[in-house]
>>> print(open('model-v6.cif').read())   # mmCIF, C-alpha atoms
data_run
loop_
_atom_site.label_atom_id
_atom_site.label_comp_id
_atom_site.auth_asym_id
_atom_site.auth_seq_id
_atom_site.Cartn_x
_atom_site.Cartn_y
_atom_site.Cartn_z
CA MET A 291 78.36 131.97 42.17
CA SER A 292 81.53 133.98 42.21
CA VAL A 293 82.78 131.92 39.26
CA PHE A 294 79.66 132.76 37.29
CA ALA A 295 79.95 136.43 38.20
CA SER A 296 83.53 136.68 37.06
CA LEU A 297 82.56 134.82 33.87
CA ILE A 298 80.01 137.49 33.09
CA THR A 299 82.38 140.27 34.02
CA THR A 300 85.11 138.90 31.78
CA ALA A 301 82.80 138.42 28.84
CA ALA A 302 81.25 141.80 29.31
CA ALA A 303 84.68 143.39 29.48
CA GLY A 304 85.59 141.82 26.15
CA ALA A 305 82.38 142.96 24.58
CA ALA A 306 82.70 146.45 25.97
CA GLU A 307 86.25 146.70 24.71
CA ALA A 308 85.07 145.57 21.29
CA HIS A 309 82.26 148.09 21.28
CA GLU A 310 84.55 150.89 22.38
CA GLU A 311 87.02 150.18 19.61
CA ALA A 312 84.32 149.99 16.95
CA SER A 313 82.77 153.26 17.97
CA SER A 314 86.05 155.07 18.32
CA ALA A 315 87.44 153.99 14.95
CA GLY A 316 84.12 153.92 13.10
CA LEU A 317 83.19 151.15 10.70
CA PRO A 318 86.18 150.46 8.42
CA GLN A 319 83.59 149.78 5.70
CA LEU A 320 82.44 153.43 5.85
CA ASP A 321 85.91 154.89 5.54
CA PHE A 322 85.37 156.41 2.11
CA ALA A 323 89.09 157.11 1.67
CA SER A 324 89.69 153.40 1.10
CA TRP A 325 87.01 153.06 -1.58
CA PRO A 326 88.97 154.15 -4.67
CA SER A 327 91.72 151.68 -3.86
CA GLN A 328 89.24 148.83 -3.30
CA ILE A 329 87.36 149.64 -6.51
CA PHE A 330 90.60 149.89 -8.46
CA TRP A 331 91.98 146.56 -7.27
CA LEU A 332 88.62 144.88 -7.63
CA ALA A 333 88.40 146.12 -11.22
CA PHE A 334 91.98 145.04 -11.88
CA THR A 335 91.76 141.52 -10.43
CA PHE A 336 88.22 140.89 -11.67
CA GLY A 337 89.11 142.24 -15.12
CA VAL A 338 92.23 140.12 -15.42
CA LEU A 339 90.35 137.03 -14.23
CA TYR A 340 87.51 137.69 -16.69
CA TRP A 341 90.02 138.17 -19.49
CA LEU A 342 91.75 134.88 -18.65
CA MET A 343 88.47 132.99 -18.23
CA ALA A 344 86.75 134.30 -21.35
CA GLY A 345 89.84 134.22 -23.53
CA LYS A 346 91.64 131.08 -22.47
CA PHE A 347 90.40 128.80 -19.72
CA LEU A 348 86.70 128.51 -20.52
CA PRO A 349 87.12 127.98 -24.29
CA SER A 350 89.74 125.34 -23.56
CA LEU A 351 87.54 123.54 -21.01
CA GLY A 352 84.43 123.93 -23.16
CA GLY A 353 86.36 122.63 -26.17
CA ALA A 354 87.50 119.56 -24.27
CA ILE A 355 83.96 118.88 -23.04
CA GLU A 356 82.50 119.43 -26.52
CA GLN A 357 85.13 117.24 -28.14
CA ARG A 358 84.45 114.47 -25.65
CA ARG A 359 80.71 114.76 -26.24
CA ASP A 360 81.23 114.61 -30.04
CA ARG A 361 83.60 111.69 -29.70
CA MET A 362 81.13 109.79 -27.55
CA ALA A 363 78.30 110.56 -29.98
CA ASP A 364 80.51 109.37 -32.85
CA ASP A 365 81.43 106.21 -30.99
CA LEU A 366 77.78 105.52 -30.24
CA ASP A 367 76.91 106.11 -33.90
CA GLN A 368 79.67 103.77 -34.95
CA ALA A 369 78.52 101.14 -32.47
CA ALA A 370 74.99 101.45 -33.86
CA GLU A 371 76.43 101.08 -37.37
CA PHE A 372 78.37 97.96 -36.36
CA ARG A 373 75.27 96.56 -34.74
CA ARG A 374 73.28 97.22 -37.89
CA GLN A 375 75.97 95.49 -39.97
CA ALA A 376 75.95 92.53 -37.61
CA GLU A 377 72.18 92.31 -37.88
CA ASP A 378 72.42 92.49 -41.68
CA ALA A 379 75.02 89.73 -41.66
CA GLU A 380 72.80 87.62 -39.45
CA THR A 381 69.83 88.18 -41.75
CA ALA A 382 71.96 87.27 -44.76
CA TYR A 383 73.25 84.16 -43.02
CA ASN A 384 69.74 83.07 -42.08
CA LYS A 385 68.59 83.68 -45.63
CA ALA A 386 71.50 81.68 -47.06
CA LEU A 387 70.74 78.90 -44.61
CA ALA A 388 67.05 78.88 -45.57
CA ASP A 389 67.97 78.96 -49.27
CA ALA A 390 70.38 76.07 -48.89
CA ARG A 391 67.80 74.08 -46.97
CA ALA A 392 65.15 74.79 -49.62
CA LYS A 393 67.59 73.88 -52.36
CA ALA A 394 68.52 70.66 -50.64
CA GLN A 395 64.88 69.79 -50.25
CA SER A 396 64.15 70.56 -53.88
CA ILE A 397 67.13 68.47 -54.98
CA ALA A 398 65.93 65.60 -52.82
CA ALA A 399 62.41 65.93 -54.18
CA ASP A 400 63.71 66.08 -57.78
CA THR A 401 65.89 63.05 -57.24
CA ARG A 402 63.02 61.19 -55.69
CA THR A 403 60.73 62.02 -58.61
CA GLU A 404 63.43 61.09 -61.08
CA MET A 405 64.07 57.78 -59.38
CA ASP A 406 60.35 57.08 -59.13
CA GLU A 407 60.02 57.74 -62.83
CA GLU A 408 62.97 55.53 -63.63
CA ILE A 409 61.66 52.76 -61.43
CA ALA A 410 58.23 53.11 -63.01
CA GLY A 411 59.82 52.99 -66.46
CA LEU A 412 61.85 49.90 -65.59
CA GLN A 413 58.77 48.28 -64.10
CA ALA A 414 56.72 49.05 -67.19
CA GLU A 415 59.48 47.69 -69.43
CA THR A 416 59.79 44.56 -67.35
CA ASP A 417 56.03 44.13 -67.24
CA GLU A 418 55.86 44.55 -70.99
CA ALA A 419 58.63 42.02 -71.56
CA LEU A 420 57.00 39.58 -69.17
CA ASP A 421 53.61 40.15 -70.81
CA LYS A 422 55.19 39.53 -74.16
CA GLN A 423 56.83 36.33 -72.95
CA LEU A 424 53.60 35.29 -71.30
CA ALA A 425 51.67 35.95 -74.49
CA ALA A 426 54.24 34.02 -76.50
CA ALA A 427 54.02 31.12 -74.08
CA ASP A 428 50.25 31.24 -74.21
CA ALA A 429 50.36 31.27 -78.01
CA ARG A 430 52.76 28.40 -77.97
CA ILE A 431 50.59 26.46 -75.55
CA GLU A 432 47.55 27.27 -77.69
CA ALA A 433 49.36 26.13 -80.80
CA MET A 434 50.56 22.99 -79.11
CA LYS A 435 47.04 22.38 -77.81
CA THR A 436 45.55 22.89 -81.30
CA ASP A 437 48.26 20.76 -82.80
CA ALA A 438 47.68 18.10 -80.19
CA ALA A 439 43.92 18.22 -80.76
CA ALA A 440 44.38 17.97 -84.51
CA LYS A 441 46.76 15.09 -84.07
CA VAL A 442 44.31 13.37 -81.68
CA ARG A 443 41.51 13.95 -84.18
CA GLU A 444 43.66 12.61 -86.99
CA ALA A 445 44.59 9.64 -84.87
CA ALA A 446 40.92 9.16 -84.01
CA ALA A 447 39.94 9.42 -87.71
CA ASP A 448 42.60 6.93 -88.71
CA THR A 449 41.53 4.59 -85.93
CA THR A 450 37.85 5.06 -86.85
CA ARG A 451 38.58 4.43 -90.50
CA ALA A 452 40.60 1.33 -89.67
CA VAL A 453 37.93 0.03 -87.29
CA VAL A 454 35.12 0.66 -89.78
CA GLU A 455 37.16 -0.85 -92.62
CA THR A 456 37.88 -3.93 -90.60
CA LEU A 457 34.25 -4.26 -89.53
CA ILE A 458 32.47 -3.67 -92.83
CA ASP A 459 35.34 -3.88 -95.15
CA GLU A 460 34.49 -0.73 -96.70
CA ALA A 461 36.43 2.52 -96.25
CA PRO A 462 34.18 5.27 -94.92
CA THR A 463 34.30 8.64 -96.43
CA ASP A 464 36.25 11.33 -94.74
CA ASP A 465 33.03 13.29 -94.23
CA ALA A 466 31.33 10.50 -92.47
CA VAL A 467 34.37 9.91 -90.23
CA ALA A 468 34.60 13.61 -89.39
CA LYS A 469 30.88 13.74 -88.67
CA ALA A 470 31.13 10.74 -86.39
CA ILE A 471 34.14 12.12 -84.55
CA ASP A 472 32.44 15.48 -84.12
CA ALA A 473 29.40 13.73 -82.70
CA VAL A 474 31.58 11.80 -80.26
CA ALA A 475 33.71 14.87 -79.33
CA ARG A 476 30.52 16.88 -78.72
CA ALA A 477 29.26 14.21 -76.43
CA MET B 67 98.89 133.38 29.20
CA MET B 68 98.85 136.95 30.40
CA GLY B 69 100.43 138.06 27.16
CA LEU B 70 97.31 137.09 25.16
CA GLN B 71 95.34 140.11 24.07
CA ALA B 72 92.22 139.77 21.96
CA ALA B 73 91.89 142.27 19.14
CA GLY B 74 88.57 144.03 18.71
CA PRO B 75 86.09 142.43 16.32
CA MET B 76 86.38 145.39 13.92
CA GLU B 77 90.13 145.24 13.57
CA GLN B 78 89.86 142.43 11.01
CA PHE B 79 88.06 144.78 8.63
CA GLU B 80 90.62 147.56 8.75
CA ILE B 81 92.22 148.47 5.46
CA VAL B 82 95.99 148.63 5.92
CA PRO B 83 98.08 150.11 3.08
CA ILE B 84 101.06 148.01 2.03
CA VAL B 85 102.35 149.93 -1.00
CA PRO B 86 101.08 153.51 -1.23
CA LEU B 87 100.04 154.36 -4.76
CA SER B 88 98.03 157.19 -6.22
CA PHE B 89 96.62 157.86 -9.65
CA GLY B 90 95.23 161.22 -10.74
CA GLY B 91 94.88 162.33 -7.15
CA LEU B 92 93.03 159.17 -6.12
CA ASP B 93 94.52 156.91 -3.47
CA ILE B 94 94.76 153.47 -5.06
CA SER B 95 97.29 152.04 -2.61
CA PHE B 96 97.99 148.36 -2.63
CA THR B 97 96.40 147.28 0.65
CA ASN B 98 95.67 144.11 2.58
CA SER B 99 92.35 144.00 0.72
CA SER B 100 94.17 144.28 -2.63
CA LEU B 101 96.59 141.58 -1.45
CA TRP B 102 93.79 139.09 -0.81
CA MET B 103 92.02 139.96 -4.05
CA LEU B 104 95.31 139.28 -5.78
CA ILE B 105 95.92 136.04 -3.84
CA GLY B 106 92.43 134.76 -4.64
CA THR B 107 92.60 135.70 -8.32
CA THR B 108 96.08 134.24 -8.66
CA ALA B 109 94.97 131.00 -7.00
CA ILE B 110 92.04 130.70 -9.42
CA ALA B 111 94.25 131.49 -12.41
CA VAL B 112 96.92 128.99 -11.34
CA PHE B 113 94.32 126.30 -10.76
CA PHE B 114 92.71 126.82 -14.16
CA PHE B 115 96.08 127.11 -15.86
CA ALA B 116 97.07 123.74 -14.41
CA ALA B 117 93.65 122.27 -15.20
CA THR B 118 93.63 123.34 -18.87
CA ARG B 119 97.34 123.01 -19.63
CA ARG B 120 96.84 119.58 -21.14
CA ALA B 121 93.07 119.69 -21.65
CA GLY B 122 92.27 116.37 -23.22
CA LEU B 123 89.59 113.84 -23.94
CA VAL B 124 90.44 111.91 -20.81
CA PRO B 125 90.53 114.55 -18.06
CA GLY B 126 93.03 114.50 -15.24
CA ARG B 127 92.08 115.20 -11.65
CA LEU B 128 92.36 118.99 -11.95
CA GLN B 129 90.60 119.09 -15.30
CA SER B 130 87.71 117.03 -13.87
CA ALA B 131 87.34 119.47 -10.97
CA ALA B 132 87.42 122.45 -13.35
CA GLU B 133 84.89 120.76 -15.63
CA VAL B 134 82.56 120.16 -12.69
CA MET B 135 82.61 123.91 -11.97
CA TYR B 136 82.19 124.68 -15.67
CA GLU B 137 79.16 122.40 -16.01
CA PHE B 138 77.70 123.66 -12.74
CA VAL B 139 77.73 127.31 -13.82
CA ALA B 140 76.89 126.47 -17.44
CA ASP B 141 73.79 124.58 -16.31
CA LEU B 142 72.82 127.46 -14.03
CA VAL B 143 73.16 129.99 -16.85
CA ARG B 144 71.36 127.78 -19.37
CA ASP B 145 68.49 126.93 -17.03
CA THR B 146 67.96 130.53 -15.89
CA ILE B 147 68.63 132.65 -18.97
CA GLY B 148 68.24 130.14 -21.79
CA ALA B 149 70.14 130.12 -25.06
CA GLU B 150 70.93 133.85 -24.90
CA GLY B 151 72.78 133.22 -21.66
CA ARG B 152 75.75 131.82 -23.57
CA LYS B 153 77.44 135.22 -23.89
CA PHE B 154 77.09 135.91 -20.16
CA PHE B 155 78.58 132.59 -19.13
CA PRO B 156 82.18 133.87 -18.74
CA TYR B 157 80.93 136.81 -16.67
CA VAL B 158 78.79 134.68 -14.33
CA PHE B 159 81.57 132.12 -14.05
CA THR B 160 84.19 134.75 -13.17
CA LEU B 161 81.80 136.44 -10.74
CA PHE B 162 80.95 133.18 -8.97
CA LEU B 163 84.55 132.05 -8.62
CA TRP B 164 85.90 135.46 -7.62
CA ILE B 165 83.32 135.83 -4.83
CA LEU B 166 83.59 132.19 -3.76
CA VAL B 167 87.37 132.35 -3.41
CA ALA B 168 87.29 135.78 -1.73
CA ASN B 169 84.75 134.43 0.80
CA LEU B 170 86.56 131.14 1.40
CA PHE B 171 90.10 132.50 1.66
CA GLY B 172 88.84 134.95 4.29
CA LEU B 173 88.20 131.96 6.54
CA LEU B 174 91.82 130.84 6.53
CA PRO B 175 93.65 131.35 9.83
CA SER B 176 96.25 134.13 9.97
CA PHE B 177 99.82 133.42 10.87
CA PRO B 178 100.21 134.03 14.59
CA ARG B 179 102.03 137.28 15.38
CA SER B 180 102.25 138.33 11.70
CA PRO B 181 101.82 142.05 11.05
CA GLN B 182 98.24 143.21 10.56
CA ALA B 183 98.83 143.97 6.89
CA LEU B 184 99.34 140.25 6.31
CA HIS B 185 96.37 139.05 8.36
CA VAL B 186 93.83 137.09 6.41
CA PHE B 187 91.32 139.51 4.93
CA THR B 188 87.93 139.03 3.29
CA PRO B 189 87.53 141.53 0.43
CA THR B 190 83.79 140.75 0.21
CA SER B 191 83.28 141.92 3.82
CA HIS B 192 83.51 145.48 2.51
CA LEU B 193 80.34 147.10 1.22
CA ILE B 194 82.07 148.97 -1.59
CA VAL B 195 83.38 145.73 -3.14
CA THR B 196 80.01 143.97 -3.14
CA LEU B 197 78.30 147.19 -4.22
CA ALA B 198 80.71 147.56 -7.15
CA LEU B 199 80.02 143.97 -8.23
CA ALA B 200 76.25 144.50 -7.87
CA MET B 201 76.40 147.75 -9.86
CA LEU B 202 78.41 145.98 -12.55
CA THR B 203 75.70 143.31 -12.82
CA ILE B 204 72.89 145.88 -12.88
CA SER B 205 74.73 148.02 -15.45
CA ILE B 206 75.06 145.00 -17.70
CA VAL B 207 71.36 144.27 -17.18
CA ILE B 208 70.34 147.83 -18.12
CA VAL B 209 72.69 148.20 -21.10
CA TYR B 210 71.88 144.73 -22.47
CA GLY B 211 68.17 145.19 -21.74
CA PHE B 212 67.93 148.38 -23.82
CA TRP B 213 70.26 147.03 -26.52
CA LYS B 214 68.23 143.84 -26.88
CA ASN B 215 64.66 145.14 -26.42
CA GLY B 216 64.89 148.85 -27.15
CA LEU B 217 62.24 150.79 -25.26
CA LYS B 218 60.29 147.58 -24.76
CA PHE B 219 62.74 146.96 -21.93
CA LEU B 220 60.50 149.32 -19.95
CA LYS B 221 57.72 146.71 -20.14
CA LEU B 222 59.60 145.22 -17.21
CA PHE B 223 57.79 147.90 -15.16
CA TRP B 224 54.50 147.54 -17.01
CA PRO B 225 53.57 143.86 -16.92
CA SER B 226 50.79 143.01 -19.38
CA GLY B 227 47.58 141.22 -18.50
CA LEU B 228 46.78 142.90 -15.17
CA PRO B 229 43.32 144.21 -14.29
CA TRP B 230 43.51 147.93 -15.08
CA PRO B 231 43.26 149.34 -11.51
CA MET B 232 46.46 147.50 -10.69
CA TYR B 233 48.40 149.76 -13.07
CA ALA B 234 47.99 152.55 -10.54
CA ILE B 235 50.35 150.80 -8.16
CA ILE B 236 52.23 147.93 -9.88
CA PRO B 237 54.64 150.03 -12.01
CA LEU B 238 55.69 151.94 -8.93
CA ILE B 239 56.34 148.73 -7.05
CA GLU B 240 58.25 147.33 -10.03
CA VAL B 241 60.44 150.44 -10.23
CA ILE B 242 61.20 150.32 -6.52
CA SER B 243 61.94 146.60 -6.71
CA PHE B 244 64.26 147.18 -9.69
CA LEU B 245 66.10 150.00 -7.93
CA SER B 246 66.53 147.95 -4.77
CA ARG B 247 68.11 145.06 -6.65
CA PRO B 248 71.71 146.34 -6.60
CA LEU B 249 71.38 147.31 -2.94
CA SER B 250 69.94 143.97 -1.84
CA LEU B 251 72.51 142.13 -3.95
CA ALA B 252 75.37 144.13 -2.42
CA ILE B 253 74.13 144.18 1.17
CA ARG B 254 73.21 140.48 1.27
CA LEU B 255 76.77 139.40 0.48
CA PHE B 256 78.49 142.10 2.50
CA ALA B 257 76.30 141.62 5.58
CA ASN B 258 76.72 137.84 5.56
CA MET B 259 80.50 138.11 5.42
CA PHE B 260 80.62 140.99 7.89
CA ALA B 261 78.33 139.39 10.47
CA GLY B 262 79.95 135.98 10.16
CA HIS B 263 83.42 137.34 10.81
CA ILE B 264 82.22 139.46 13.74
CA ILE B 265 80.60 136.44 15.39
CA LEU B 266 83.73 134.39 14.83
CA LYS B 267 85.85 137.13 16.32
CA LEU B 268 83.53 137.58 19.32
CA PHE B 269 83.65 133.88 20.13
CA ALA B 270 87.41 133.86 19.71
CA GLY B 271 87.63 137.01 21.88
CA PHE B 272 85.67 135.32 24.67
CA VAL B 273 88.03 132.35 24.54
CA VAL B 274 91.03 134.64 24.96
CA SER B 275 89.40 136.72 27.70
CA LEU B 276 88.40 133.65 29.67
CA LEU B 277 91.82 132.05 29.29
CA ALA B 278 93.35 135.25 30.62
CA ALA B 279 91.25 134.97 33.77
CA GLU B 280 92.41 133.28 36.96
CA GLY B 281 91.69 129.76 38.11
CA ALA B 282 88.85 127.47 37.08
CA ILE B 283 87.17 130.14 34.97
CA LYS B 284 89.63 129.21 32.24
CA LEU B 285 87.56 126.04 31.73
CA PHE B 286 84.60 128.14 30.61
CA GLY B 287 86.66 129.07 27.58
CA LEU B 288 85.73 125.69 26.14
CA ALA B 289 82.14 126.78 25.39
CA PRO B 290 82.96 129.75 23.11
CA PHE B 291 85.77 127.69 21.60
CA LEU B 292 83.28 125.01 20.50
CA GLY B 293 81.00 127.82 19.37
CA ALA B 294 83.80 129.24 17.23
CA VAL B 295 84.42 125.82 15.67
CA ALA B 296 80.73 125.43 14.85
CA VAL B 297 80.46 128.95 13.43
CA THR B 298 83.55 128.35 11.30
CA ALA B 299 81.88 125.31 9.75
CA LEU B 300 78.72 127.35 9.22
CA GLU B 301 80.75 130.16 7.63
CA PHE B 302 82.19 127.79 5.02
CA LEU B 303 78.62 126.96 4.06
CA VAL B 304 77.64 130.63 4.01
CA ALA B 305 80.70 131.53 1.93
CA ALA B 306 79.76 129.05 -0.79
CA LEU B 307 76.05 129.75 -0.53
CA GLN B 308 76.39 133.53 -0.84
CA ALA B 309 78.65 133.20 -3.90
CA TYR B 310 76.01 130.91 -5.42
CA VAL B 311 73.15 133.28 -4.48
CA PHE B 312 74.99 136.21 -6.06
CA ALA B 313 75.49 134.19 -9.26
CA VAL B 314 71.88 132.97 -9.33
CA LEU B 315 70.43 136.45 -8.83
CA THR B 316 72.76 137.83 -11.49
CA CYS B 317 71.41 135.18 -13.87
CA ILE B 318 67.80 135.98 -12.97
CA TYR B 319 68.32 139.72 -13.56
CA LEU B 320 70.10 139.01 -16.86
CA SER B 321 67.19 136.77 -17.81
CA ASP B 322 64.83 139.68 -17.15
CA ALA B 323 66.91 141.83 -19.47
CA ALA B 324 66.96 139.15 -22.16
CA HIS B 325 63.20 138.52 -22.05
CA ALA B 326 61.76 141.91 -21.02
CA ALA B 327 59.84 142.33 -24.26
CA ASP B 328 58.03 139.01 -23.73
CA HIS B 329 56.34 140.14 -20.54
#
>>> encode(input="model-v6.cif", output="structure tokens")
Amino acid sequence: MSVFASLITTAAAGAAEAHEEASSAGLPQLDFASWPSQIFWLAFTFGVLYWLMAGKFLPSLGGAIEQRRDRMADDLDQAAEFRRQAEDAETAYNKALADARAKAQSIAADTRTEMDEEIAGLQAETDEALDKQLAAADARIEAMKTDAAAKVREAAADTTRAVVETLIDEAPTDDAVAKAIDAVARA
Amino acid sequence: MMGLQAAGPMEQFEIVPIVPLSFGGLDISFTNSSLWMLIGTTAIAVFFFAATRRAGLVPGRLQSAAEVMYEFVADLVRDTIGAEGRKFFPYVFTLFLWILVANLFGLLPSFPRSPQALHVFTPTSHLIVTLALAMLTISIVIVYGFWKNGLKFLKLFWPSGLPWPMYAIIPLIEVISFLSRPLSLAIRLFANMFAGHIILKLFAGFVVSLLAAEGAIKLFGLAPFLGAVAVTALEFLVAALQAYVFAVLTCIYLSDAAHAADH
């Protein structure tokens, strides 16, 4: 208890002392004699600081910030430009690729058509030659057949004539022989 | 321990002349207040000189810090006043930094046993300093307001679009509110600094008084000591906050002046 009491007494003494001093001297803030000096030095230091800030430091800082902002904007613009160029190049490449592919396909198609035509031509030529040979062979066979038939007929006529002559001792006329042969051949 | 003697809480606000000067009959002596204004301003100037000496595309550490402050205040001015705020930017920036540094440097510890003239001093704990800054802001508001809007600046006190009976009372309220601006601006900053330093000093005084006592009572000095530590941390916050509040209100009043005719 005595500790607490002396605590209060000590604190109160300090406070009282403080109060006494304040009231005896008055508030330093209300000592008007010091005001001109405070205003003067405030105006001086504030004025000099304003002059330095407005004239030198702030333009320099603002300039640096502005310059950086411009530079970044420029760099971004340039990056966009590069990107656009890259995209253009890609488009051009794709187009060239598509063109080349189309060209290759057209060349292949042309070649195929050409070769088909050539093959067809060769085929036609060959067919024609073969047809011709076939026709010639047929004609030859026909001729040989006709020839053979004529020769058979002649042989038959001769034989007929000789047989008739031997039998009746009279040579038949060619007409009669031919008529007889025709009758036999028809049968 | 018996030699310790706590100074009164008002002693820290005393103006102590260092170099007596007078000009036209006025006492403009270089005092401890002038000294700390000069120290703060010089510190700011040295910092910004170092930060902008080689201002470049790739900022160094100091330049980055300075640019953060620049952008902070520039954003504040742009958001509050708009495009017209550009010309007030150097003023708001200087005001903010001057007050901030004056507030913060006042929280530095003094050298033990140094003469009172060299004790750490907070220029913004004096009403006349904050009042002068507030009057400067309000003067700029009035001059710019009339220059920009002509007599339409007075529409600030005559807001359009109210039901007509309101005009009996609103202009009066607007005038009173306008006239109280410099006072509230000045007293807010001054009172915060003043009260903060008194509380700090009272806590510190209790520590000294209790340590001077006999026996186990000394241990009770720990409580006000911790209190002083906590209040010191709080005061750093208040120092920055009040500088910011002063700058914000300055911007709002300037915005009023810039856009009075639109009301």
>>> atom_distance(input="model-v6.cif", atom1="atom CA of Leu303 of chain B", atom2="atom CA of Val167 of chain B")
12.7 Å
>>> closest_atom_pairs(input="model-v6.cif", of="chain B", to="chain A", cutoff="8 Å", atoms="only C-alpha atoms", output="tab-separated table")
residue	atom	partner	partner_atom	distance
B:Ala73	CA	A:Ala308	CA	7.9
B:Gly74	CA	A:Ala308	CA	4.6
B:Pro75	CA	A:Ala308	CA	6.0
B:Met76	CA	A:Ala312	CA	5.9
B:Phe79	CA	A:Pro318	CA	6.0
B:Glu80	CA	A:Pro318	CA	5.3
B:Ile81	CA	A:Pro318	CA	7.0
B:Leu92	CA	A:Pro326	CA	6.6
B:Asp93	CA	A:Ser327	CA	5.9
B:Ile94	CA	A:Ser327	CA	3.7
B:Ser95	CA	A:Ser327	CA	5.7
B:Phe96	CA	A:Ser327	CA	7.2
B:Thr97	CA	A:Ser327	CA	7.8
B:Ser99	CA	A:Gln328	CA	7.0
B:Ser100	CA	A:Trp331	CA	5.6
B:Met103	CA	A:Thr335	CA	6.6
B:Leu104	CA	A:Thr335	CA	6.3
B:Thr107	CA	A:Thr335	CA	6.2
B:Ala111	CA	A:Leu339	CA	7.0
B:Phe114	CA	A:Phe347	CA	6.3
B:Phe115	CA	A:Phe347	CA	7.1
B:Thr118	CA	A:Phe347	CA	6.4
B:Ala121	CA	A:Ala354	CA	6.2
B:Gly122	CA	A:Ala354	CA	5.8
B:Leu123	CA	A:Arg358	CA	5.5
B:Gln129	CA	A:Leu351	CA	7.9
B:Ala132	CA	A:Leu351	CA	7.7
B:Glu133	CA	A:Leu351	CA	6.6
B:Tyr136	CA	A:Leu351	CA	7.6
B:Pro156	CA	A:Ala344	CA	5.3
B:Tyr157	CA	A:Tyr340	CA	6.6
B:Thr160	CA	A:Tyr340	CA	5.7
B:Leu161	CA	A:Phe336	CA	7.9
B:Trp164	CA	A:Phe336	CA	7.2
B:His192	CA	A:Gln319	CA	5.4
B:Leu193	CA	A:Gln319	CA	6.1
B:Ile194	CA	A:Trp325	CA	6.4
B:Val195	CA	A:Ile329	CA	6.5
B:Ala198	CA	A:Ile329	CA	7.0
B:Leu268	CA	A:Ala305	CA	7.6
B:Gly271	CA	A:Gly304	CA	6.7
B:Phe272	CA	A:Ala301	CA	5.9
B:Ser275	CA	A:Thr300	CA	6.3
B:Leu276	CA	A:Thr300	CA	6.5
B:Ala279	CA	A:Thr300	CA	7.6
B:Ala282	CA	A:Val293	CA	7.8
B:Ile283	CA	A:Val293	CA	6.4
B:Phe286	CA	A:Leu297	CA	7.7
>>> resolve_selection(input="model-v6.cif", expression="the PyMOL selection byres ((chain A and resi 463) around 12)", output="list in words")
Ala447, Asp448, Thr450, Arg451, Ala452, Val454, Glu455, Glu460, Ala461, Pro462, Asp464, Asp465, Ala466, Val467, Ala468, Lys469 and Ala470 of chain A
>>> closest_residue(input="model-v6.cif", among="B:Phe171, B:Phe138, B:Tyr319, B:Phe154", to="Ser243 of chain B", atoms="all atoms listed in the file")
B:Tyr319
>>> resolve_selection(input="model-v6.cif", expression="the PyMOL selection byres ((chain B and resi 259) around 12)", output="CSV table (one decimal) with C-alpha atoms, in the frame of the given file")
chain,number,residue,atom,x,y,z
B,78,GLN,CA,89.9,142.4,11.0
B,79,PHE,CA,88.1,144.8,8.6
B,165,ILE,CA,83.3,135.8,-4.8
B,166,LEU,CA,83.6,132.2,-3.8
B,168,ALA,CA,87.3,135.8,-1.7
B,169,ASN,CA,84.8,134.4,0.8
B,170,LEU,CA,86.6,131.1,1.4
B,171,PHE,CA,90.1,132.5,1.7
B,172,GLY,CA,88.8,135.0,4.3
B,173,LEU,CA,88.2,132.0,6.5
B,187,PHE,CA,91.3,139.5,4.9
B,188,THR,CA,87.9,139.0,3.3
B,189,PRO,CA,87.5,141.5,0.4
B,190,THR,CA,83.8,140.8,0.2
B,191,SER,CA,83.3,141.9,3.8
B,192,HIS,CA,83.5,145.5,2.5
B,193,LEU,CA,80.3,147.1,1.2
B,195,VAL,CA,83.4,145.7,-3.1
B,196,THR,CA,80.0,144.0,-3.1
B,252,ALA,CA,75.4,144.1,-2.4
B,253,ILE,CA,74.1,144.2,1.2
B,254,ARG,CA,73.2,140.5,1.3
B,255,LEU,CA,76.8,139.4,0.5
B,256,PHE,CA,78.5,142.1,2.5
B,257,ALA,CA,76.3,141.6,5.6
B,258,ASN,CA,76.7,137.8,5.6
B,260,PHE,CA,80.6,141.0,7.9
B,261,ALA,CA,78.3,139.4,10.5
B,262,GLY,CA,80.0,136.0,10.2
B,263,HIS,CA,83.4,137.3,10.8
B,264,ILE,CA,82.2,139.5,13.7
B,265,ILE,CA,80.6,136.4,15.4
B,266,LEU,CA,83.7,134.4,14.8
B,298,THR,CA,83.6,128.4,11.3
B,300,LEU,CA,78.7,127.4,9.2
B,301,GLU,CA,80.8,130.2,7.6
B,302,PHE,CA,82.2,127.8,5.0
B,303,LEU,CA,78.6,127.0,4.1
B,304,VAL,CA,77.6,130.6,4.0
B,305,ALA,CA,80.7,131.5,1.9
B,306,ALA,CA,79.8,129.0,-0.8
B,307,LEU,CA,76.0,129.8,-0.5
B,308,GLN,CA,76.4,133.5,-0.8
B,309,ALA,CA,78.6,133.2,-3.9
>>> residues_around(input="model-v6.cif", residues="Lys221 of chain B", least_positions_apart="5", cutoff="10 Å", atoms="only C-alpha atoms", output="ChimeraX atom specification")
/B:215,226,237,326-329
>>> atom_distance(input="model-v6.cif", atom1="atom CA of Asp417 of chain A", atom2="atom CA of Ala399 of chain A")
26.2 Å
>>> closest_residue(input="model-v6.cif", among="B:Ala323, B:Leu245, B:Ala116, B:Ala109", to="Leu217 of chain B", atoms="only C-alpha atoms")
B:Ala323
>>> atom_distance(input="model-v6.cif", atom1="atom CA of Lys422 of chain A", atom2="atom CA of Glu404 of chain A")
26.5 Å
